[in-house]
>>> print(open('target.cif').read())   # mmCIF, C-alpha atoms and all ligand atoms
data_entry
#
loop_
_atom_site.label_atom_id
_atom_site.label_comp_id
_atom_site.auth_asym_id
_atom_site.auth_seq_id
_atom_site.Cartn_x
_atom_site.Cartn_y
_atom_site.Cartn_z
CA MET A 1 104.29 77.00 130.31
CA THR A 2 101.13 76.67 128.29
CA ALA A 3 101.31 78.27 124.87
CA GLN A 4 99.01 81.05 123.77
CA LEU A 5 96.76 79.97 120.92
CA ILE A 6 97.14 81.83 117.64
CA ASP A 7 93.54 82.05 116.50
CA GLY A 8 93.33 81.72 112.72
CA ILE A 9 89.56 82.06 112.75
CA ALA A 10 89.61 85.43 114.54
CA LEU A 11 92.49 86.74 112.41
CA SER A 12 90.70 85.58 109.25
CA LYS A 13 87.57 87.37 110.34
CA SER A 14 89.33 90.70 110.78
CA ILE A 15 91.26 90.40 107.49
CA ARG A 16 88.09 89.35 105.64
CA ALA A 17 86.31 92.43 107.00
CA GLU A 18 89.06 94.55 105.40
CA VAL A 19 88.76 92.53 102.19
CA GLY A 20 85.00 93.19 102.16
CA ALA A 21 85.54 96.94 102.57
CA ARG A 22 88.15 97.00 99.80
CA ALA A 23 85.92 94.91 97.50
CA ALA A 24 83.03 97.35 98.07
CA ALA A 25 85.25 100.36 97.33
CA LEU A 26 86.55 98.75 94.13
CA ALA A 27 83.01 97.83 93.04
CA ALA A 28 81.80 101.39 93.71
CA ALA A 29 84.59 102.65 91.45
CA GLY A 30 83.45 100.27 88.69
CA HIS A 31 86.10 97.58 89.32
CA ARG A 32 84.20 94.75 91.02
CA PRO A 33 86.90 92.16 91.87
CA GLY A 34 86.40 88.76 90.22
CA LEU A 35 87.91 85.31 90.82
CA ALA A 36 87.60 82.32 88.47
CA VAL A 37 88.00 78.89 90.06
CA ILE A 38 88.49 75.85 87.83
CA LEU A 39 87.98 72.30 89.09
CA VAL A 40 88.78 69.35 86.86
CA GLY A 41 87.58 65.91 87.96
CA ASP A 42 85.63 64.73 90.98
CA ASP A 43 88.14 64.55 93.84
CA PRO A 44 85.88 65.03 96.89
CA ALA A 45 88.44 66.99 98.95
CA SER A 46 89.08 69.37 96.05
CA ALA A 47 85.32 69.86 95.61
CA VAL A 48 85.05 70.92 99.27
CA TYR A 49 88.02 73.33 99.01
CA VAL A 50 86.62 74.89 95.84
CA ARG A 51 83.16 75.31 97.35
CA ASN A 52 84.67 77.01 100.39
CA LYS A 53 86.64 79.41 98.18
CA VAL A 54 83.55 80.39 96.19
CA LYS A 55 81.50 80.80 99.40
CA ALA A 56 84.21 83.02 100.95
CA CYS A 57 84.17 85.23 97.83
CA ALA A 58 80.42 85.70 98.11
CA GLU A 59 80.71 86.62 101.79
CA CYS A 60 83.27 89.34 100.97
CA GLY A 61 81.54 90.79 97.91
CA ILE A 62 84.00 89.31 95.42
CA HIS A 63 82.43 88.12 92.18
CA SER A 64 83.37 84.49 91.46
CA VAL A 65 82.79 81.98 88.73
CA LEU A 66 83.22 78.27 89.27
CA GLU A 67 83.98 76.17 86.20
CA GLN A 68 83.74 72.43 86.77
CA TYR A 69 84.92 69.93 84.19
CA ASP A 70 84.91 66.19 83.79
CA ALA A 71 88.21 64.42 84.59
CA ALA A 72 88.50 63.61 80.88
CA LEU A 73 88.88 67.28 79.92
CA GLY A 74 91.84 67.61 77.55
CA GLN A 75 94.85 69.75 78.39
CA ALA A 76 94.35 71.87 75.26
CA GLU A 77 90.74 72.59 76.25
CA LEU A 78 91.83 73.64 79.74
CA LEU A 79 94.56 75.90 78.35
CA ALA A 80 91.99 77.46 76.00
CA ARG A 81 89.70 78.21 78.96
CA ILE A 82 92.58 79.87 80.80
CA GLU A 83 93.35 81.97 77.72
CA ALA A 84 89.73 83.13 77.62
CA LEU A 85 89.81 84.04 81.33
CA ASN A 86 93.13 85.86 80.85
CA ALA A 87 91.32 88.09 78.36
CA ASP A 88 88.19 88.54 80.51
CA ALA A 89 88.28 92.00 82.14
CA SER A 90 85.75 90.97 84.82
CA ILE A 91 88.19 88.35 86.16
CA HIS A 92 91.24 89.44 88.19
CA GLY A 93 92.31 86.10 89.62
CA ILE A 94 92.42 82.59 88.15
CA LEU A 95 92.80 79.54 90.36
CA VAL A 96 93.05 76.03 88.94
CA GLN A 97 92.53 73.60 91.80
CA MET A 98 95.33 71.07 92.26
CA PRO A 99 95.86 68.17 91.89
CA LEU A 100 94.91 67.84 88.23
CA PRO A 101 94.22 64.54 86.45
CA ARG A 102 97.47 62.82 85.44
CA HIS A 103 97.14 63.55 81.71
CA ILE A 104 97.36 67.30 82.39
CA ASP A 105 100.76 68.91 83.09
CA PRO A 106 100.26 71.24 86.09
CA HIS A 107 103.31 73.34 85.15
CA LYS A 108 101.88 74.11 81.70
CA VAL A 109 98.58 75.08 83.31
CA ILE A 110 100.15 77.33 85.96
CA GLU A 111 102.34 79.06 83.38
CA ALA A 112 99.32 79.67 81.12
CA ILE A 113 97.71 81.92 83.73
CA ALA A 114 98.43 85.62 83.13
CA THR A 115 101.04 86.82 85.65
CA ALA A 116 98.72 89.56 86.93
CA LYS A 117 95.98 86.97 87.62
CA ASP A 118 98.17 84.33 89.33
CA VAL A 119 96.43 84.59 92.71
CA ASP A 120 97.92 81.24 93.81
CA GLY A 121 101.39 82.71 93.30
CA PHE A 122 102.54 79.36 91.90
CA SER A 123 104.05 80.55 88.60
CA VAL A 124 107.77 80.83 87.91
CA HIS A 125 107.30 84.59 87.60
CA SER A 126 105.58 84.89 90.99
CA ALA A 127 108.23 82.64 92.57
CA GLY A 128 110.87 84.91 91.03
CA THR A 129 109.34 88.07 92.50
CA LEU A 130 109.33 86.44 95.94
CA MET A 131 112.92 85.25 95.52
CA THR A 132 114.12 88.72 94.55
CA GLY A 133 111.92 90.69 96.94
CA LEU A 134 109.97 92.40 94.14
CA PRO A 135 106.25 93.11 94.60
CA GLY A 136 104.07 90.20 93.49
CA LEU A 137 101.38 87.74 94.51
CA ARG A 138 102.48 85.41 97.33
CA PRO A 139 101.27 81.79 97.76
CA ALA A 140 98.30 81.91 100.11
CA THR A 141 99.30 79.32 102.71
CA PRO A 142 102.77 80.66 103.61
CA TYR A 143 101.44 84.22 103.30
CA GLY A 144 98.77 83.29 105.86
CA CYS A 145 101.42 81.73 108.12
CA MET A 146 103.33 85.03 108.08
CA LYS A 147 100.19 86.89 109.15
CA LEU A 148 99.69 84.41 112.01
CA ILE A 149 103.30 84.88 113.13
CA GLU A 150 102.98 88.69 112.84
CA SER A 151 99.87 88.54 115.05
CA THR A 152 102.04 87.40 117.99
CA GLY A 153 103.84 90.76 117.88
CA VAL A 154 107.24 89.02 117.88
CA ASP A 155 109.77 90.72 115.59
CA LEU A 156 111.46 88.10 113.42
CA ARG A 157 114.68 90.09 113.01
CA GLY A 158 117.51 88.02 114.41
CA LYS A 159 115.24 85.08 115.20
CA HIS A 160 115.98 81.54 114.02
CA ALA A 161 113.13 80.02 112.00
CA VAL A 162 113.03 76.37 111.01
CA VAL A 163 110.74 75.30 108.18
CA VAL A 164 110.02 71.58 108.06
CA GLY A 165 109.06 70.70 104.48
CA ARG A 166 110.31 71.93 101.10
CA SER A 167 107.28 71.93 98.81
CA ASN A 168 106.97 74.58 96.10
CA THR A 169 103.60 75.63 97.51
CA VAL A 170 104.49 75.94 101.21
CA GLY A 171 108.01 75.08 102.43
CA LYS A 172 110.13 76.98 99.89
CA PRO A 173 108.01 80.18 99.73
CA MET A 174 107.70 80.07 103.55
CA ALA A 175 111.48 80.09 103.89
CA LEU A 176 111.75 83.07 101.53
CA LEU A 177 109.05 85.05 103.35
CA LEU A 178 110.79 84.44 106.70
CA LEU A 179 114.10 85.47 105.18
CA GLN A 180 112.51 88.66 103.89
CA ALA A 181 111.34 89.35 107.46
CA ASN A 182 115.01 89.14 108.57
CA ALA A 183 114.83 85.73 110.25
CA THR A 184 117.75 83.31 109.99
CA VAL A 185 116.17 80.38 108.18
CA THR A 186 116.85 76.65 108.14
CA VAL A 187 114.88 74.37 105.83
CA CYS A 188 114.56 70.74 106.95
CA HIS A 189 113.03 67.90 104.93
CA SER A 190 112.71 64.14 104.64
CA ALA A 191 116.46 63.69 104.09
CA THR A 192 117.49 65.84 107.08
CA PRO A 193 119.27 63.74 109.73
CA ASP A 194 118.29 64.59 113.31
CA LEU A 195 115.38 66.96 112.71
CA ALA A 196 115.10 67.59 116.46
CA HIS A 197 118.63 69.04 116.57
CA HIS A 198 117.42 71.85 114.28
CA THR A 199 113.93 72.42 115.69
CA ARG A 200 115.24 72.64 119.28
CA GLN A 201 117.21 75.75 118.29
CA ALA A 202 114.26 77.42 116.59
CA ASP A 203 112.43 80.51 117.83
CA VAL A 204 109.85 79.77 115.12
CA VAL A 205 108.95 76.36 113.68
CA VAL A 206 106.67 75.96 110.67
CA ALA A 207 105.67 72.32 110.18
CA ALA A 208 104.52 71.53 106.64
CA VAL A 209 105.19 67.90 105.85
CA GLY A 210 101.76 66.23 105.95
CA ARG A 211 102.60 63.64 108.65
CA ARG A 212 101.14 63.76 112.13
CA ASN A 213 103.36 63.88 115.22
CA THR A 214 106.31 65.14 113.14
CA LEU A 215 106.96 67.74 115.86
CA THR A 216 106.74 66.61 119.48
CA ALA A 217 107.32 68.42 122.79
CA SER A 218 110.95 67.35 123.21
CA MET A 219 111.77 68.87 119.80
CA VAL A 220 110.62 72.39 120.70
CA LYS A 221 112.51 75.22 122.44
CA PRO A 222 110.52 76.65 125.36
CA GLY A 223 108.61 79.77 124.29
CA ALA A 224 108.90 79.12 120.54
CA ILE A 225 106.23 80.06 117.99
CA VAL A 226 104.85 76.89 116.38
CA VAL A 227 102.83 77.08 113.17
CA ASP A 228 101.17 73.86 112.03
CA VAL A 229 100.35 73.63 108.31
CA GLY A 230 99.48 69.91 108.43
CA MET A 231 96.01 68.57 107.62
CA ASN A 232 95.93 64.91 108.59
CA ARG A 233 93.53 62.47 110.20
CA ASN A 234 94.28 60.62 113.42
CA ASP A 235 93.26 57.02 114.19
CA GLU A 236 89.79 58.21 115.23
CA GLY A 237 89.41 60.05 111.91
CA LYS A 238 89.70 63.46 113.58
CA LEU A 239 91.49 66.29 111.78
CA CYS A 240 95.00 66.88 113.13
CA GLY A 241 98.14 68.67 112.05
CA ASP A 242 101.82 67.74 111.86
CA VAL A 243 102.37 68.84 115.46
CA ASP A 244 101.57 66.84 118.60
CA PHE A 245 99.36 69.68 119.81
CA ALA A 246 98.71 68.43 123.36
CA GLY A 247 102.41 67.93 124.09
CA VAL A 248 103.87 70.92 122.23
CA ARG A 249 101.43 73.45 123.70
CA GLU A 250 103.01 72.78 127.12
CA VAL A 251 106.43 73.91 125.83
CA ALA A 252 105.80 76.49 123.10
CA GLY A 253 105.03 80.18 123.65
CA TRP A 254 102.49 80.35 120.83
CA ILE A 255 100.87 77.62 118.74
CA THR A 256 98.32 77.41 115.93
CA PRO A 257 95.59 74.79 116.41
CA VAL A 258 94.32 72.38 113.76
CA PRO A 259 91.59 73.04 112.81
CA GLY A 260 91.28 76.80 113.29
CA GLY A 261 94.85 77.92 112.60
CA VAL A 262 96.42 77.98 109.15
CA GLY A 263 93.38 76.50 107.33
CA PRO A 264 91.09 79.54 107.42
CA MET A 265 94.03 81.83 106.62
CA THR A 266 94.75 80.08 103.31
CA ILE A 267 91.39 81.07 101.84
CA THR A 268 91.62 84.52 103.43
CA MET A 269 94.95 85.25 101.73
CA LEU A 270 93.54 84.06 98.41
CA LEU A 271 90.85 86.73 98.85
CA VAL A 272 93.54 89.29 99.69
CA ASN A 273 95.46 88.33 96.53
CA THR A 274 92.30 88.71 94.45
CA ILE A 275 91.76 92.20 95.87
CA GLU A 276 95.41 93.06 95.23
CA ALA A 277 95.12 91.83 91.63
CA ALA A 278 91.93 93.83 91.10
CA SER A 279 93.45 96.95 92.69
CA ALA A 280 96.45 96.72 90.38
CA THR A 281 94.13 96.72 87.35
CA ALA A 282 92.08 99.60 88.76
CA ALA A 283 95.13 101.74 89.48
N1 LIG B 301 95.12 72.31 96.20
C1 LIG B 301 95.39 72.33 97.54
N2 LIG B 301 95.71 73.58 97.93
C2 LIG B 301 95.66 74.37 96.82
C3 LIG B 301 95.89 75.76 96.61
O1 LIG B 301 96.25 76.53 97.50
N3 LIG B 301 95.72 76.19 95.34
C4 LIG B 301 95.36 75.36 94.31
N4 LIG B 301 95.23 75.87 93.09
N5 LIG B 301 95.15 74.05 94.50
C5 LIG B 301 95.29 73.57 95.74
#
>>> encode(input="target.cif", output="structure tokens")
Amino acid sequence: MTAQLIDGIALSKSIRAEVGARAAALAAAGHRPGLAVILVGDDPASAVYVRNKVKACAECGIHSVLEQYDAALGQAELLARIEALNADASIHGILVQMPLPRHIDPHKVIEAIATAKDVDGFSVHSAGTLMTGLPGLRPATPYGCMKLIESTGVDLRGKHAVVVGRSNTVGKPMALLLLQANATVTVCHSATPDLAHHTRQADVVVAAVGRRNTLTASMVKPGAIVVDVGMNRNDEGKLCGDVDFAGVREVAGWITPVPGGVGPMTITMLLVNTIEAASATAA
């Protein structure tokens, strides 16, 4: 069996078209959606991510402001900027790009963002709404993974989903989103003995550990949905995920490629969250 590709670029395109229409409607009603993106320091990968976020906003008619600061920016100064953006009615979402320089406490920064503007969904409040099933802003990457899984048309009720990775930004919220969709969920991580024992039983596997070849063909149940969150480089310097794509695609039923799977969806769901935040203010 050769797996069907889950095309994150095509799905992104259709969701971004909806985002554009919603942004235009909000703007026409006098509520142009706005996103503030803050970058501290000169990490080249972060600079690329931030540029792509700002570009995606422009393409969808979302107003964005990019604030770039030297790595020496003090924590108090950053918190003061967040306070000002919290009070700025033209801004509906605030994103502080991670990682931050070591002298800045990321938890303090995340918690300083107004709950209604937490478009990353990283705050304790947002995590709490996800945990309890209340409405709220969901972290973009796992939210995007859910959309990719939904696009297969497979109903998750009664299915066994295995999440590999337990980060606050992907693994843990992913497990909660799958649970909310009525899957039976197992979370595996670096201290899990015999990872393959778990993944072989999974109807859905989400790999989010940041190490290539974590999931190989012999670890996958035939027909399973495989979602690859990894962004790694192989020996030739080519982008690759956590999944051995060539091997696993011969066993799985559906698989997301890297690049072109989860990556584009992360930015797309940030745009969706910005629209949701703006709509909540406009209501
Ligand atoms: N750094 C890498 N991914 C992300 C993300 O989704 N949000 C923020 N704020 N920083 C990141």
>>> residues_near_ligand(input="target.cif", ligand="ligand LIG 301 (chain B)", cutoff="10 Å", atoms="only C-alpha atoms and all ligand atoms", output="ChimeraX atom specification")
/A:37-39,45-46,49-50,94-100,106,110,118-122,139-142,169-170,266-267,269-270
>>> write_last_selection(input="target.cif", atoms="C-alpha atoms", output="compact mmCIF listing (two decimals), in the coordinates of the input")
# COMPACT_ATOMS: atom_id res chain seq x y z
CA VAL A 37 88.00 78.89 90.06
CA ILE A 38 88.49 75.85 87.83
CA LEU A 39 87.98 72.30 89.09
CA ALA A 45 88.44 66.99 98.95
CA SER A 46 89.08 69.37 96.05
CA TYR A 49 88.02 73.33 99.01
CA VAL A 50 86.62 74.89 95.84
CA ILE A 94 92.42 82.59 88.15
CA LEU A 95 92.80 79.54 90.36
CA VAL A 96 93.05 76.03 88.94
CA GLN A 97 92.53 73.60 91.80
CA MET A 98 95.33 71.07 92.26
CA PRO A 99 95.86 68.17 91.89
CA LEU A 100 94.91 67.84 88.23
CA PRO A 106 100.26 71.24 86.09
CA ILE A 110 100.15 77.33 85.96
CA ASP A 118 98.17 84.33 89.33
CA VAL A 119 96.43 84.59 92.71
CA ASP A 120 97.92 81.24 93.81
CA GLY A 121 101.39 82.71 93.30
CA PHE A 122 102.54 79.36 91.90
CA PRO A 139 101.27 81.79 97.76
CA ALA A 140 98.30 81.91 100.11
CA THR A 141 99.30 79.32 102.71
CA PRO A 142 102.77 80.66 103.61
CA THR A 169 103.60 75.63 97.51
CA VAL A 170 104.49 75.94 101.21
CA THR A 266 94.75 80.08 103.31
CA ILE A 267 91.39 81.07 101.84
CA MET A 269 94.95 85.25 101.73
CA LEU A 270 93.54 84.06 98.41
>>> closest_residue(input="target.cif", among="A:Ser126, A:Asn86, A:Thr281, A:Asn52", to="A:His31", atoms="all atoms listed in the file")
A:Thr281
>>> residues_around(input="target.cif", residues="A:His160", least_positions_apart="4", cutoff="7 Å", atoms="only C-alpha atoms", output="PyMOL selection string")
chain A and resi 183-185+202-204
>>> atom_distance(input="target.cif", atom1="atom CA of A:Gly136", atom2="atom CA of A:Ile255")
28.4 Å
>>> closest_residue(input="target.cif", among="A:Ile225, A:Met219, A:Ala175, A:Val65", to="A:Glu150", atoms="all atoms listed in the file")
A:Ile225
>>> residues_around(input="target.cif", residues="A:Ala278", least_positions_apart="2", cutoff="6 Å", atoms="all atoms listed in the file", output="list in words")
Pro33, His92, Ile275, Glu276, Ala280 and Thr281 of chain A
>>> write_last_selection(input="target.cif", atoms="C-alpha atoms", output="PDB file, keeping the file's coordinate frame")
ATOM      1  CA  PRO A  33      86.900  92.160  91.870  1.00  0.00           C
ATOM      2  CA  HIS A  92      91.240  89.440  88.190  1.00  0.00           C
ATOM      3  CA  ILE A 275      91.760  92.200  95.870  1.00  0.00           C
ATOM      4  CA  GLU A 276      95.410  93.060  95.230  1.00  0.00           C
ATOM      5  CA  ALA A 280      96.450  96.720  90.380  1.00  0.00           C
ATOM      6  CA  THR A 281      94.130  96.720  87.350  1.00  0.00           C
TER       7      THR A 281
END
>>> residues_around(input="target.cif", residues="A:Lys221", least_positions_apart="4", cutoff="12 Å", atoms="all atoms listed in the file", output="ChimeraX atom specification")
/A:1,3,160-162,196-205,215-217,225-226,248-254
>>> atom_distance(input="target.cif", atom1="atom CA of A:Asp194", atom2="atom CA of A:Gly237")
29.3 Å
>>> residues_around(input="target.cif", residues="A:Glu59", least_positions_apart="6", cutoff="12 Å", atoms="only C-alpha atoms", output="PyMOL selection string")
chain A and resi 13+16-17+19-21+23-24+52-53+268+271
>>> build_atoms(input="target.cif", residues="stretch 222-233 of chain A", atoms="all heavy atoms", output="compact mmCIF listing (two decimals), keeping the file's coordinate frame")
# COMPACT_ATOMS: atom_id res chain seq x y z
N PRO A 222 111.56 75.98 124.56
CA PRO A 222 110.52 76.65 125.36
C PRO A 222 110.27 78.08 124.87
O PRO A 222 111.21 78.83 124.62
CB PRO A 222 111.11 76.64 126.79
CG PRO A 222 112.02 75.43 126.79
CD PRO A 222 112.60 75.37 125.41
N GLY A 223 108.99 78.41 124.70
CA GLY A 223 108.61 79.77 124.29
C GLY A 223 108.53 79.97 122.78
O GLY A 223 108.14 81.05 122.33
N ALA A 224 108.88 78.96 122.00
CA ALA A 224 108.90 79.12 120.54
C ALA A 224 107.49 79.34 119.96
O ALA A 224 106.48 78.99 120.59
CB ALA A 224 109.51 77.88 119.89
N ILE A 225 107.48 79.93 118.76
CA ILE A 225 106.23 80.06 117.99
C ILE A 225 106.13 78.82 117.10
O ILE A 225 107.06 78.54 116.35
CB ILE A 225 106.25 81.33 117.11
CG1 ILE A 225 106.39 82.59 117.96
CG2 ILE A 225 105.00 81.41 116.23
CD1 ILE A 225 106.59 83.87 117.14
N VAL A 226 105.02 78.11 117.18
CA VAL A 226 104.85 76.89 116.38
C VAL A 226 103.64 77.04 115.46
O VAL A 226 102.52 77.29 115.93
CB VAL A 226 104.69 75.65 117.29
CG1 VAL A 226 104.39 74.40 116.48
CG2 VAL A 226 105.95 75.44 118.14
N VAL A 227 103.89 76.94 114.17
CA VAL A 227 102.83 77.08 113.17
C VAL A 227 102.66 75.72 112.48
O VAL A 227 103.61 75.17 111.93
CB VAL A 227 103.18 78.17 112.14
CG1 VAL A 227 102.10 78.27 111.06
CG2 VAL A 227 103.34 79.52 112.83
N ASP A 228 101.44 75.21 112.52
CA ASP A 228 101.17 73.86 112.03
C ASP A 228 100.35 73.92 110.73
O ASP A 228 99.17 74.26 110.75
CB ASP A 228 100.37 73.11 113.12
CG ASP A 228 100.25 71.63 112.85
OD1 ASP A 228 100.59 71.19 111.73
OD2 ASP A 228 99.80 70.90 113.76
N VAL A 229 101.01 73.58 109.62
CA VAL A 229 100.35 73.63 108.31
C VAL A 229 99.67 72.29 107.98
O VAL A 229 98.88 72.20 107.06
CB VAL A 229 101.37 74.03 107.21
CG1 VAL A 229 100.70 74.18 105.85
CG2 VAL A 229 102.08 75.34 107.57
N GLY A 230 99.96 71.26 108.76
CA GLY A 230 99.48 69.91 108.43
C GLY A 230 97.97 69.78 108.47
O GLY A 230 97.28 70.49 109.21
N MET A 231 97.45 68.90 107.63
CA MET A 231 96.01 68.57 107.62
C MET A 231 95.93 67.06 107.47
O MET A 231 95.87 66.54 106.36
CB MET A 231 95.33 69.22 106.40
CG MET A 231 95.10 70.69 106.56
SD MET A 231 93.39 70.98 106.91
CE MET A 231 92.78 71.23 105.26
N ASN A 232 95.92 66.37 108.61
CA ASN A 232 95.93 64.91 108.59
C ASN A 232 94.74 64.39 109.40
O ASN A 232 94.03 65.16 110.01
CB ASN A 232 97.23 64.39 109.22
CG ASN A 232 98.45 65.13 108.70
OD1 ASN A 232 98.74 65.09 107.51
ND2 ASN A 232 99.17 65.83 109.57
N ARG A 233 94.57 63.09 109.37
CA ARG A 233 93.53 62.47 110.20
C ARG A 233 94.22 61.55 111.20
O ARG A 233 95.16 60.84 110.86
CB ARG A 233 92.58 61.61 109.33
CG ARG A 233 91.83 62.42 108.28
CD ARG A 233 90.47 62.85 108.77
NE ARG A 233 89.90 63.86 107.87
CZ ARG A 233 88.92 64.67 108.20
NH1 ARG A 233 88.40 64.63 109.42
NH2 ARG A 233 88.45 65.54 107.34
